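J.: Structure supplied as start-v9.tsv; contents: TSV, C-alpha atoms.
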chain	number	residue	atom	x	y	z
A	83	MET	CA	113.50	117.25	111.73
A	84	ASN	CA	110.74	118.90	113.74
A	85	THR	CA	110.24	117.30	117.19
A	86	GLY	CA	107.56	119.73	118.24
A	87	GLN	CA	103.85	119.49	118.29
A	88	SER	CA	102.25	116.03	118.36
A	89	GLY	CA	105.04	113.43	118.59
A	90	LEU	CA	103.48	111.86	115.49
A	91	ASP	CA	105.43	111.43	112.25
A	92	ILE	CA	104.07	109.85	109.07
A	93	VAL	CA	105.86	107.94	106.32
A	94	LEU	CA	104.75	107.34	102.73
A	95	ILE	CA	106.56	104.30	101.37
A	96	HIS	CA	107.19	103.74	97.64
A	97	HIS	CA	109.35	100.64	98.14
A	98	PRO	CA	108.81	97.92	99.23
A	99	VAL	CA	105.08	97.86	98.44
A	100	VAL	CA	102.92	95.30	96.64
A	101	ASN	CA	101.10	95.44	93.32
A	102	LYS	CA	97.61	94.16	92.49
A	103	ILE	CA	98.74	90.51	92.59
A	104	GLY	CA	100.90	90.82	95.70
A	105	GLU	CA	104.34	91.06	94.08
A	106	ILE	CA	106.94	93.34	95.70
A	107	ILE	CA	107.40	96.48	93.62
A	108	GLY	CA	108.57	100.07	93.82
A	109	SER	CA	106.02	102.72	92.84
A	110	ALA	CA	106.53	106.14	91.27
A	111	VAL	CA	106.04	109.26	93.34
A	112	THR	CA	102.70	111.04	92.70
A	113	ASN	CA	102.80	114.83	92.89
A	114	LEU	CA	99.46	115.10	94.69
A	115	ASP	CA	100.59	112.60	97.35
A	116	LEU	CA	103.15	115.20	98.34
A	117	HIS	CA	100.69	118.11	98.36
A	118	ASP	CA	97.51	116.56	99.75
A	119	ILE	CA	99.23	114.61	102.50
A	120	ALA	CA	101.49	117.52	103.50
A	121	ARG	CA	98.43	119.79	103.74
A	122	ALA	CA	96.57	117.23	105.88
A	123	ALA	CA	99.67	116.71	108.04
A	124	LYS	CA	100.05	120.47	108.62
A	125	THR	CA	96.32	120.87	109.33
A	126	TYR	CA	96.38	118.11	111.96
A	127	GLY	CA	99.71	119.00	113.60
A	128	VAL	CA	101.85	116.09	112.39
A	129	ASP	CA	105.53	116.83	113.13
A	130	ASN	CA	107.21	115.33	110.04
A	131	TYR	CA	106.15	113.73	106.77
A	132	TYR	CA	108.75	111.35	105.32
A	133	ILE	CA	108.75	110.33	101.66
A	134	VAL	CA	110.62	107.04	101.22
A	135	THR	CA	111.94	106.07	97.79
A	136	PRO	CA	115.23	104.36	96.95
A	137	TYR	CA	115.18	105.53	93.31
A	138	GLU	CA	117.46	108.43	92.45
A	139	ASP	CA	115.30	109.75	89.60
A	140	GLN	CA	112.30	109.81	91.94
A	141	GLN	CA	114.31	111.53	94.66
A	142	HIS	CA	115.35	114.11	92.08
A	143	LEU	CA	111.70	114.67	91.13
A	144	VAL	CA	110.67	115.12	94.79
A	145	ASN	CA	113.51	117.60	95.36
A	146	GLU	CA	112.49	119.62	92.32
A	147	ILE	CA	108.88	119.86	93.50
A	148	LEU	CA	109.95	120.81	97.03
A	149	GLU	CA	112.40	123.38	95.71
A	150	HIS	CA	109.67	125.09	93.68
A	151	TRP	CA	107.29	125.37	96.62
A	152	LYS	CA	109.75	125.93	99.43
A	153	SER	CA	112.02	128.56	97.87
A	154	GLY	CA	111.08	129.05	94.20
A	155	HIS	CA	108.16	130.91	92.67
A	156	GLY	CA	105.61	128.73	94.52
A	157	ALA	CA	106.81	129.94	97.92
A	158	LYS	CA	105.82	133.52	97.11
A	159	TYR	CA	102.67	132.58	95.27
A	160	ASN	CA	101.33	130.32	97.99
A	161	PRO	CA	102.93	130.62	101.47
A	162	ALA	CA	100.37	128.20	102.97
A	163	ARG	CA	101.55	125.50	100.58
A	164	LYS	CA	105.16	126.26	101.52
A	165	ALA	CA	104.30	125.79	105.21
A	166	ALA	CA	102.82	122.37	104.45
A	167	LEU	CA	105.59	121.12	102.17
A	168	GLU	CA	108.22	122.14	104.73
A	169	LEU	CA	107.09	119.13	106.78
A	170	ILE	CA	108.49	116.81	104.09
A	171	THR	CA	111.81	115.02	104.42
A	172	LEU	CA	113.03	112.69	101.69
A	173	SER	CA	114.64	109.39	102.67
A	174	SER	CA	116.00	106.38	100.79
A	175	ASP	CA	114.59	103.74	103.13
A	176	LEU	CA	112.51	103.14	106.23
A	177	GLU	CA	115.51	102.16	108.36
A	178	ASN	CA	116.99	105.61	107.89
A	179	VAL	CA	113.75	107.22	108.97
A	180	ILE	CA	113.53	105.07	112.10
A	181	GLU	CA	117.16	105.87	112.98
A	182	THR	CA	116.63	109.60	112.53
A	183	VAL	CA	113.45	109.69	114.58
A	184	THR	CA	114.99	107.56	117.34
A	185	ARG	CA	118.07	109.77	117.51
A	186	GLU	CA	116.17	113.07	117.45
A	187	ARG	CA	113.45	112.07	119.90
A	188	GLY	CA	115.81	110.13	122.16
A	189	VAL	CA	113.59	107.02	122.08
A	190	ALA	CA	112.47	104.55	119.40
A	191	PRO	CA	109.00	105.45	118.07
A	192	LEU	CA	106.14	102.96	118.17
A	193	LEU	CA	105.86	101.60	114.62
A	194	LEU	CA	102.26	101.56	113.35
A	195	THR	CA	101.17	100.25	109.96
A	196	THR	CA	97.98	100.89	108.02
A	197	SER	CA	96.16	98.57	105.65
A	198	ALA	CA	92.85	98.19	103.85
A	199	ARG	CA	92.70	94.67	105.31
A	200	GLU	CA	92.33	93.62	108.95
A	201	GLN	CA	95.71	92.71	110.52
A	202	GLU	CA	96.63	90.53	113.52
A	203	LYS	CA	97.95	92.95	116.12
A	204	THR	CA	95.72	96.00	115.98
A	205	LEU	CA	95.62	98.98	118.28
A	206	SER	CA	92.36	100.96	118.50
A	207	TYR	CA	92.13	104.60	117.45
A	208	ALA	CA	91.10	105.50	121.00
A	209	ARG	CA	94.21	103.81	122.41
A	210	ILE	CA	96.48	105.62	119.96
A	211	ARG	CA	94.84	108.95	120.82
A	212	GLN	CA	95.81	108.28	124.45
A	213	LYS	CA	99.40	107.65	123.39
A	214	ILE	CA	99.44	110.92	121.48
A	215	LYS	CA	98.11	112.74	124.55
A	216	ALA	CA	100.87	111.10	126.58
A	217	LYS	CA	103.41	112.40	124.00
A	218	GLU	CA	104.71	108.93	123.06
A	219	PRO	CA	106.59	109.14	119.74
A	220	LEU	CA	104.66	107.35	116.99
A	221	LEU	CA	105.68	106.55	113.42
A	222	LEU	CA	102.71	105.88	111.18
A	223	LEU	CA	103.42	104.04	107.89
A	224	PHE	CA	101.39	104.24	104.68
A	225	GLY	CA	101.99	102.27	101.50
A	226	THR	CA	101.54	103.39	97.91
A	227	GLY	CA	100.62	100.89	95.16
A	228	HIS	CA	98.43	98.19	96.68
A	229	GLY	CA	99.86	98.63	100.15
A	230	LEU	CA	102.86	97.96	102.36
A	231	ALA	CA	104.97	94.83	101.69
A	232	PRO	CA	104.72	91.94	104.21
A	233	GLU	CA	108.27	92.62	105.45
A	234	VAL	CA	107.15	96.11	106.53
A	235	MET	CA	103.97	94.82	108.14
A	236	GLU	CA	106.03	92.30	110.13
A	237	LYS	CA	108.37	94.97	111.40
A	238	ALA	CA	105.54	96.97	112.95
A	239	ASP	CA	104.53	96.97	116.60
A	240	PHE	CA	100.84	97.30	115.74
A	241	SER	CA	98.46	97.96	112.87
A	242	LEU	CA	95.51	100.32	112.73
A	243	ALA	CA	92.11	98.87	111.91
A	244	PRO	CA	91.03	99.57	108.31
A	245	VAL	CA	88.88	102.68	107.93
A	246	GLY	CA	85.60	102.53	106.01
A	247	ALA	CA	81.95	101.80	106.47
A	248	GLY	CA	81.58	98.04	106.04
A	249	THR	CA	80.16	98.40	102.53
A	250	GLY	CA	82.32	95.59	101.16
A	251	TYR	CA	84.16	98.12	99.00
A	252	ASN	CA	87.40	99.57	100.33
A	253	HIS	CA	89.56	101.18	97.67
A	254	LEU	CA	90.49	104.55	99.11
A	255	SER	CA	93.38	106.50	97.66
A	256	VAL	CA	96.31	106.74	100.06
A	257	ARG	CA	95.59	110.51	100.16
A	258	SER	CA	92.10	109.80	101.49
A	259	ALA	CA	93.28	107.13	103.92
A	260	VAL	CA	95.92	109.41	105.47
A	261	SER	CA	93.41	112.26	105.81
A	262	ILE	CA	90.81	110.07	107.50
A	263	ILE	CA	93.31	108.47	109.88
A	264	LEU	CA	94.79	111.84	110.92
A	265	ASP	CA	91.28	113.10	111.62
A	266	ARG	CA	90.55	110.04	113.75
A	267	LEU	CA	93.79	110.42	115.71
A	268	LEU	CA	94.26	114.17	116.01
A	269	SER	CA	90.95	116.01	115.57
A	270	THR	CA	89.89	118.16	118.48
A	271	GLU	CA	86.18	117.81	117.88
A	272	SER	CA	84.17	114.77	118.77
A	273	SER	CA	82.56	113.44	115.59
B	1357	MET	CA	70.41	108.14	89.75
B	1358	ASN	CA	70.89	105.62	92.55
B	1359	THR	CA	68.38	106.05	95.42
B	1360	GLY	CA	69.68	103.08	97.35
B	1361	GLN	CA	72.02	102.81	100.24
B	1362	SER	CA	72.50	105.82	102.48
B	1363	GLY	CA	70.18	108.61	101.27
B	1364	LEU	CA	73.29	110.78	101.06
B	1365	ASP	CA	74.42	112.39	97.81
B	1366	ILE	CA	77.46	114.61	97.40
B	1367	VAL	CA	78.10	117.47	94.96
B	1368	LEU	CA	81.42	118.93	93.85
B	1369	ILE	CA	80.86	122.46	92.57
B	1370	HIS	CA	83.20	124.14	90.05
B	1371	HIS	CA	81.00	127.24	89.61
B	1372	PRO	CA	80.14	129.44	91.47
B	1373	VAL	CA	83.14	129.20	93.81
B	1374	VAL	CA	85.54	131.84	95.12
B	1375	ASN	CA	89.23	132.44	94.50
B	1376	LYS	CA	91.92	133.43	97.00
B	1377	ILE	CA	90.63	137.01	97.26
B	1378	GLY	CA	86.93	136.10	97.39
B	1379	GLU	CA	85.95	136.81	93.77
B	1380	ILE	CA	83.38	134.54	92.11
B	1381	ILE	CA	85.08	132.23	89.62
B	1382	GLY	CA	84.66	128.92	87.82
B	1383	SER	CA	87.42	126.36	88.38
B	1384	ALA	CA	88.74	123.65	86.06
B	1385	VAL	CA	87.92	120.01	86.76
B	1386	THR	CA	90.79	118.07	88.37
B	1387	ASN	CA	91.12	114.44	87.32
B	1388	LEU	CA	91.96	113.21	90.81
B	1389	ASP	CA	88.89	114.94	92.27
B	1390	LEU	CA	86.84	112.55	90.18
B	1391	HIS	CA	88.83	109.46	91.20
B	1392	ASP	CA	89.62	110.09	94.85
B	1393	ILE	CA	86.18	111.36	95.75
B	1394	ALA	CA	84.37	108.62	93.81
B	1395	ARG	CA	86.48	105.98	95.60
B	1396	ALA	CA	85.72	107.54	99.00
B	1397	ALA	CA	82.02	107.82	98.11
B	1398	LYS	CA	81.86	104.16	97.08
B	1399	THR	CA	83.80	103.06	100.18
B	1400	TYR	CA	81.40	104.92	102.50
B	1401	GLY	CA	78.14	104.05	100.71
B	1402	VAL	CA	77.26	107.45	99.22
B	1403	ASP	CA	74.43	107.04	96.68
B	1404	ASN	CA	75.47	109.59	94.03
B	1405	TYR	CA	78.37	111.89	93.34
B	1406	TYR	CA	77.46	114.94	91.22
B	1407	ILE	CA	80.06	116.95	89.35
B	1408	VAL	CA	78.73	120.45	88.64
B	1409	THR	CA	80.33	122.54	85.89
B	1410	PRO	CA	78.59	124.88	83.41
B	1411	TYR	CA	81.53	124.82	80.95
B	1412	GLU	CA	81.11	122.62	77.89
B	1413	ASP	CA	84.83	121.91	77.45
B	1414	GLN	CA	85.00	120.76	81.06
B	1415	GLN	CA	81.89	118.62	80.67
B	1416	HIS	CA	83.52	117.06	77.62
B	1417	LEU	CA	86.66	116.30	79.64
B	1418	VAL	CA	84.65	114.68	82.44
B	1419	ASN	CA	82.73	112.56	79.94
B	1420	GLU	CA	85.95	111.38	78.31
B	1421	ILE	CA	87.43	110.32	81.65
B	1422	LEU	CA	84.23	108.55	82.67
B	1423	GLU	CA	83.98	106.82	79.28
B	1424	HIS	CA	87.51	105.43	79.65
B	1425	TRP	CA	86.87	103.98	83.10
B	1426	LYS	CA	83.24	102.98	82.76
B	1427	SER	CA	83.30	101.26	79.37
B	1428	GLY	CA	86.74	101.74	77.77
B	1429	HIS	CA	90.03	100.03	78.51
B	1430	GLY	CA	90.00	101.19	82.13
B	1431	ALA	CA	86.84	99.22	82.91
B	1432	LYS	CA	88.58	95.93	82.12
B	1433	TYR	CA	91.87	96.93	83.66
B	1434	ASN	CA	90.36	98.08	86.95
B	1435	PRO	CA	86.78	97.01	87.73
B	1436	ALA	CA	86.97	98.51	91.23
B	1437	ARG	CA	87.61	101.92	89.72
B	1438	LYS	CA	84.70	101.43	87.34
B	1439	ALA	CA	82.41	100.69	90.31
B	1440	ALA	CA	83.47	103.94	91.96
B	1441	LEU	CA	83.20	106.16	88.89
B	1442	GLU	CA	79.74	104.81	88.15
B	1443	LEU	CA	78.52	106.91	91.09
B	1444	ILE	CA	79.30	110.07	89.11
B	1445	THR	CA	76.67	112.14	87.32
B	1446	LEU	CA	77.61	115.28	85.45
B	1447	SER	CA	75.38	118.35	85.79
B	1448	SER	CA	75.51	121.94	84.53
B	1449	ASP	CA	74.30	123.57	87.73
B	1450	LEU	CA	73.24	122.94	91.30
B	1451	GLU	CA	69.56	123.68	90.61
B	1452	ASN	CA	69.44	120.75	88.21
B	1453	VAL	CA	70.94	118.47	90.82
B	1454	ILE	CA	68.42	119.56	93.46
B	1455	GLU	CA	65.54	119.05	91.01
B	1456	THR	CA	66.73	115.58	90.07
B	1457	VAL	CA	67.26	114.46	93.66
B	1458	THR	CA	63.89	115.89	94.74
B	1459	ARG	CA	62.08	114.16	91.88
B	1460	GLU	CA	63.80	110.79	92.33
B	1461	ARG	CA	63.61	110.66	96.11
B	1462	GLY	CA	60.12	112.18	96.24
B	1463	VAL	CA	61.16	114.83	98.75
B	1464	ALA	CA	63.55	117.78	98.74
B	1465	PRO	CA	66.90	116.86	100.30
B	1466	LEU	CA	68.33	118.80	103.23
B	1467	LEU	CA	71.01	121.07	101.74
B	1468	LEU	CA	74.28	121.00	103.69
B	1469	THR	CA	77.35	123.06	102.89
B	1470	THR	CA	80.96	122.58	103.96
B	1471	SER	CA	83.59	125.21	104.58
B	1472	ALA	CA	87.03	125.66	106.10
B	1473	ARG	CA	85.54	128.56	108.09
B	1474	GLU	CA	82.91	128.44	110.83
B	1475	GLN	CA	79.41	129.31	109.49
B	1476	GLU	CA	76.29	130.63	111.20
B	1477	LYS	CA	73.80	127.77	111.06
B	1478	THR	CA	75.78	124.61	111.77
B	1479	LEU	CA	74.53	121.10	112.35
B	1480	SER	CA	76.74	118.73	114.36
B	1481	TYR	CA	78.16	115.55	112.85
B	1482	ALA	CA	76.29	113.53	115.47
B	1483	ARG	CA	73.01	115.14	114.46
B	1484	ILE	CA	73.62	114.44	110.75
B	1485	ARG	CA	74.48	110.81	111.55
B	1486	GLN	CA	71.04	110.55	113.17
B	1487	LYS	CA	69.42	111.93	110.03
B	1488	ILE	CA	71.29	109.40	107.91
B	1489	LYS	CA	70.09	106.61	110.20
B	1490	ALA	CA	66.55	107.94	109.81
B	1491	LYS	CA	67.03	107.81	105.99
B	1492	GLU	CA	66.42	111.53	105.48
B	1493	PRO	CA	67.73	112.57	102.05
B	1494	LEU	CA	70.80	114.78	102.37
B	1495	LEU	CA	72.70	116.71	99.72
B	1496	LEU	CA	76.21	117.59	100.82
B	1497	LEU	CA	77.97	120.39	98.87
B	1498	PHE	CA	81.72	120.84	98.44
B	1499	GLY	CA	83.45	123.71	96.66
B	1500	THR	CA	86.61	123.64	94.56
B	1501	GLY	CA	88.90	126.69	94.36
B	1502	HIS	CA	88.80	128.50	97.69
B	1503	GLY	CA	85.33	127.28	98.54
B	1504	LEU	CA	81.63	127.68	97.76
B	1505	ALA	CA	80.35	131.11	96.70
B	1506	PRO	CA	78.23	133.09	99.22
B	1507	GLU	CA	75.11	132.56	97.07
B	1508	VAL	CA	75.48	128.78	97.54
B	1509	MET	CA	76.16	129.10	101.27
B	1510	GLU	CA	72.99	131.21	101.63
B	1511	LYS	CA	70.88	128.62	99.85
B	1512	ALA	CA	71.83	125.89	102.32
B	1513	ASP	CA	69.74	124.70	105.25
B	1514	PHE	CA	72.81	124.14	107.40
B	1515	SER	CA	76.60	124.01	107.31
B	1516	LEU	CA	78.93	121.43	108.76
B	1517	ALA	CA	81.55	122.58	111.25
B	1518	PRO	CA	85.05	122.81	109.73
B	1519	VAL	CA	87.15	119.69	110.21
B	1520	GLY	CA	90.69	119.94	111.58
B	1521	ALA	CA	92.62	120.00	114.80
B	1522	GLY	CA	92.67	123.61	115.92
B	1523	THR	CA	96.28	124.10	114.80
B	1524	GLY	CA	95.51	127.47	113.19
B	1525	TYR	CA	96.28	125.95	109.76
B	1526	ASN	CA	93.39	124.64	107.70
B	1527	HIS	CA	94.22	124.18	104.04
B	1528	LEU	CA	93.00	120.69	103.23
B	1529	SER	CA	92.48	119.64	99.63
B	1530	VAL	CA	88.82	119.12	98.78
B	1531	ARG	CA	89.73	115.43	98.30
B	1532	SER	CA	90.90	115.24	101.92
B	1533	ALA	CA	87.93	117.22	103.25
B	1534	VAL	CA	85.39	114.97	101.50
B	1535	SER	CA	87.13	111.83	102.77
B	1536	ILE	CA	87.24	113.05	106.36
B	1537	ILE	CA	83.63	114.22	106.36
B	1538	LEU	CA	82.35	110.93	104.89
B	1539	ASP	CA	84.26	109.06	107.58
B	1540	ARG	CA	82.71	111.25	110.28
B	1541	LEU	CA	79.20	110.76	108.89
B	1542	LEU	CA	79.18	107.17	107.63
B	1543	SER	CA	81.91	105.11	109.32
B	1544	THR	CA	80.70	102.09	111.25
B	1545	GLU	CA	83.47	102.15	113.78
B	1546	SER	CA	83.69	104.53	116.67
B	1547	SER	CA	86.97	106.39	116.40
Could you render the structure as structure tokens?

T.:
Amino acid sequence: MNTGQSGLDIVLIHHPVVNKIGEIIGSAVTNLDLHDIARAAKTYGVDNYYIVTPYEDQQHLVNEILEHWKSGHGAKYNPARKAALELITLSSDLENVIETVTRERGVAPLLLTTSAREQEKTLSYARIRQKIKAKEPLLLLFGTGHGLAPEVMEKADFSLAPVGAGTGYNHLSVRSAVSIILDRLLSTESS
Amino acid sequence: MNTGQSGLDIVLIHHPVVNKIGEIIGSAVTNLDLHDIARAAKTYGVDNYYIVTPYEDQQHLVNEILEHWKSGHGAKYNPARKAALELITLSSDLENVIETVTRERGVAPLLLTTSAREQEKTLSYARIRQKIKAKEPLLLLFGTGHGLAPEVMEKADFSLAPVGAGTGYNHLSVRSAVSIILDRLLSTESS
């Protein structure tokens, strides 16, 4: 893994997540989740982007996509895409990711979850920006489907406040949510 | 069109845009550009989301997708998606969009372009937020492919500064760029 730039790693979880009615499910990997989120991660200086899925067929699919862009025809055709997708590491579960990050950084990362709904223990974007400036290792978790399962939410140290504009409608794609949150945490410009 | 909430309309342009080496091209419509950007637009209170393509086969494709989600099976299956996709209006060119907005709002909108590269006449995000508060009609243009053609950039009143984090890498998907810019312009929270 890359322990370089920001101290911030992100994780996209495909299991355990919830479906529309709150049941625990595993979701399929979406090709554009790999591309869009890797490109945003690279643009904002995220160190690593972990894809978590326990399913072997899905892991196989992710490896095939990465192979194409990292060393196959795609790497020659589009070197910028290669640079983004090189941030991706595949993992079978969140525990493995936490262990790897803890071992490589020499300290357990602060576990932060994201949600479209307000959670109990939230940490402000301003406060997290300070932690990034102070080089504290952070692991930021995103859920596919209809969001992270309760067992993942409970494991976290803090949650981020939902993004949005108070319109009463909040159904962003996870690709949009990640992009917005990285901009809030890592952009150089004041908005 | 909807002249309601924010005074802000967005446009996704498929022609004229540029390719990797700066030639003027027309790009194909991407299904997830419709979905992700409509969801972000609805979440942030954008009034209308215009898809511009001059190609009849592409217009046909867009209409089929919209039909499915606005009145077909998709509308029942996912009403939240229907609410987002209802913001979309298809148009053959940018001039038509400008005419429609001008007629419906009773005043020509301020034309704002976006780019991954710094442009000459930029307007800060803070300044545009003030204009939104003052209910000035704004038309915000995004390019597919490798960005808006020079002729579109020249037509604009102002450009927005590129988003990002000064990492030297800036290859966001247009879906990510729209999401980030809407958050910067319309979010209620301070980041």

J.: What residues in chain B have any atom no more than 10 Å from chain A when counting only C-alpha atoms, and can you write them as a PyMOL selection string?

T.: chain B and resi 1361+1376+1388+1391-1401+1434+1436-1437+1439-1440+1480-1483+1485+1517-1547

J.: For Val1385 of chain B, which residue among B:Glu1476, B:Glu1455, B:Glu1507, B:Asp1413 is the nearest when counting all atoms listed in the file?

T.: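 Among the listed residues, B:Asp1413 lies closest to Val1385 of chain B.
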
J.: Using the file's own x, y and z axes, what box holds all listed atoms of segment 1403-1418 of chain B with 5 Å on each side, keeping edges along x, y and z, and what are its centre and edge lengths in Å to one decimal, as AutoDock Vina command-line options?

T.:
--center_x 80.5 --center_y 116.0 --center_z 87.1 --size_x 22.2 --size_y 27.8 --size_z 29.2

J.: Tell me which of A:Trp151, A:Tyr137, A:Phe240, A:Tyr159 sits closest to Leu223 of chain A, counting all atoms listed in the file.

T.: A:Phe240

J.: What's the separation between atom CA of Ile1380 of chain B and atom CA of Ser1471 of chain B, in Å to one decimal place?

T.: 15.6 Å

J.: Would you compute the distance between atom CA of Leu220 of chain A and atom CA of Pro161 of chain A? Give it in Å to one decimal.

T.: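 These two atoms are separated by 28.0 Å.
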
J.: Quote the spacing between atom CA of Ile1454 of chain B and atom CA of Val1508 of chain B in Å to one decimal place.

T.: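 Atom CA of Val1508 of chain B lies at a distance of 12.3 Å from atom CA of Ile1454 of chain B.
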
J.: Which residue out of A:Asn113, A:Gly86, A:Leu148, A:Tyr132 has the minimum interatomic distance to Asn178 of chain A when only C-alpha atoms are used?

T.: A:Tyr132

J.: From the block I gave, I'd like segment 1439-1446 of chain B written with all heavy atoms, as a PDB file, in the first residue's frame.

T.:
ATOM      1  N   ALA B1439     -38.220  11.071  -9.621  1.00  0.00           N
ATOM      2  CA  ALA B1439     -38.197  12.491  -9.223  1.00  0.00           C
ATOM      3  C   ALA B1439     -36.934  13.185  -9.726  1.00  0.00           C
ATOM      4  O   ALA B1439     -36.962  14.363 -10.102  1.00  0.00           O
ATOM      5  CB  ALA B1439     -38.291  12.602  -7.706  1.00  0.00           C
ATOM      6  N   ALA B1440     -35.823  12.464  -9.746  1.00  0.00           N
ATOM      7  CA  ALA B1440     -34.569  13.051 -10.223  1.00  0.00           C
ATOM      8  C   ALA B1440     -34.591  13.212 -11.743  1.00  0.00           C
ATOM      9  O   ALA B1440     -34.282  14.284 -12.263  1.00  0.00           O
ATOM     10  CB  ALA B1440     -33.384  12.180  -9.799  1.00  0.00           C
ATOM     11  N   LEU B1441     -35.002  12.152 -12.436  1.00  0.00           N
ATOM     12  CA  LEU B1441     -34.938  12.183 -13.901  1.00  0.00           C
ATOM     13  C   LEU B1441     -35.966  13.134 -14.500  1.00  0.00           C
ATOM     14  O   LEU B1441     -35.835  13.559 -15.651  1.00  0.00           O
ATOM     15  CB  LEU B1441     -35.063  10.771 -14.464  1.00  0.00           C
ATOM     16  CG  LEU B1441     -33.848   9.871 -14.152  1.00  0.00           C
ATOM     17  CD1 LEU B1441     -34.092   8.427 -14.581  1.00  0.00           C
ATOM     18  CD2 LEU B1441     -32.577  10.387 -14.810  1.00  0.00           C
ATOM     19  N   GLU B1442     -36.962  13.492 -13.726  1.00  0.00           N
ATOM     20  CA  GLU B1442     -37.936  14.486 -14.195  1.00  0.00           C
ATOM     21  C   GLU B1442     -37.331  15.877 -14.376  1.00  0.00           C
ATOM     22  O   GLU B1442     -37.933  16.740 -15.011  1.00  0.00           O
ATOM     23  CB  GLU B1442     -39.134  14.551 -13.235  1.00  0.00           C
ATOM     24  CG  GLU B1442     -40.132  13.439 -13.531  1.00  0.00           C
ATOM     25  CD  GLU B1442     -41.249  13.354 -12.503  1.00  0.00           C
ATOM     26  OE1 GLU B1442     -41.142  13.998 -11.437  1.00  0.00           O
ATOM     27  OE2 GLU B1442     -42.228  12.623 -12.759  1.00  0.00           O
ATOM     28  N   LEU B1443     -36.144  16.091 -13.823  1.00  0.00           N
ATOM     29  CA  LEU B1443     -35.462  17.382 -14.026  1.00  0.00           C
ATOM     30  C   LEU B1443     -34.885  17.498 -15.435  1.00  0.00           C
ATOM     31  O   LEU B1443     -34.508  18.582 -15.877  1.00  0.00           O
ATOM     32  CB  LEU B1443     -34.315  17.550 -13.029  1.00  0.00           C
ATOM     33  CG  LEU B1443     -34.664  17.647 -11.556  1.00  0.00           C
ATOM     34  CD1 LEU B1443     -33.396  17.911 -10.745  1.00  0.00           C
ATOM     35  CD2 LEU B1443     -35.678  18.763 -11.303  1.00  0.00           C
ATOM     36  N   ILE B1444     -34.783  16.364 -16.136  1.00  0.00           N
ATOM     37  CA  ILE B1444     -34.085  16.353 -17.425  1.00  0.00           C
ATOM     38  C   ILE B1444     -34.964  16.838 -18.578  1.00  0.00           C
ATOM     39  O   ILE B1444     -36.114  16.432 -18.715  1.00  0.00           O
ATOM     40  CB  ILE B1444     -33.552  14.938 -17.753  1.00  0.00           C
ATOM     41  CG1 ILE B1444     -32.470  14.533 -16.750  1.00  0.00           C
ATOM     42  CG2 ILE B1444     -33.027  14.859 -19.195  1.00  0.00           C
ATOM     43  CD1 ILE B1444     -31.880  13.153 -16.985  1.00  0.00           C
ATOM     44  N   THR B1445     -34.383  17.720 -19.399  1.00  0.00           N
ATOM     45  CA  THR B1445     -34.975  18.105 -20.676  1.00  0.00           C
ATOM     46  C   THR B1445     -33.933  17.886 -21.755  1.00  0.00           C
ATOM     47  O   THR B1445     -32.766  18.248 -21.579  1.00  0.00           O
ATOM     48  CB  THR B1445     -35.385  19.596 -20.677  1.00  0.00           C
ATOM     49  OG1 THR B1445     -36.326  19.815 -19.623  1.00  0.00           O
ATOM     50  CG2 THR B1445     -36.036  19.980 -22.009  1.00  0.00           C
ATOM     51  N   LEU B1446     -34.364  17.273 -22.843  1.00  0.00           N
ATOM     52  CA  LEU B1446     -33.467  16.994 -23.951  1.00  0.00           C
ATOM     53  C   LEU B1446     -33.493  18.174 -24.916  1.00  0.00           C
ATOM     54  O   LEU B1446     -34.564  18.734 -25.175  1.00  0.00           O
ATOM     55  CB  LEU B1446     -33.966  15.726 -24.641  1.00  0.00           C
ATOM     56  CG  LEU B1446     -33.171  15.140 -25.793  1.00  0.00           C
ATOM     57  CD1 LEU B1446     -31.755  14.776 -25.344  1.00  0.00           C
ATOM     58  CD2 LEU B1446     -33.895  13.897 -26.317  1.00  0.00           C
TER      59      LEU B1446
END
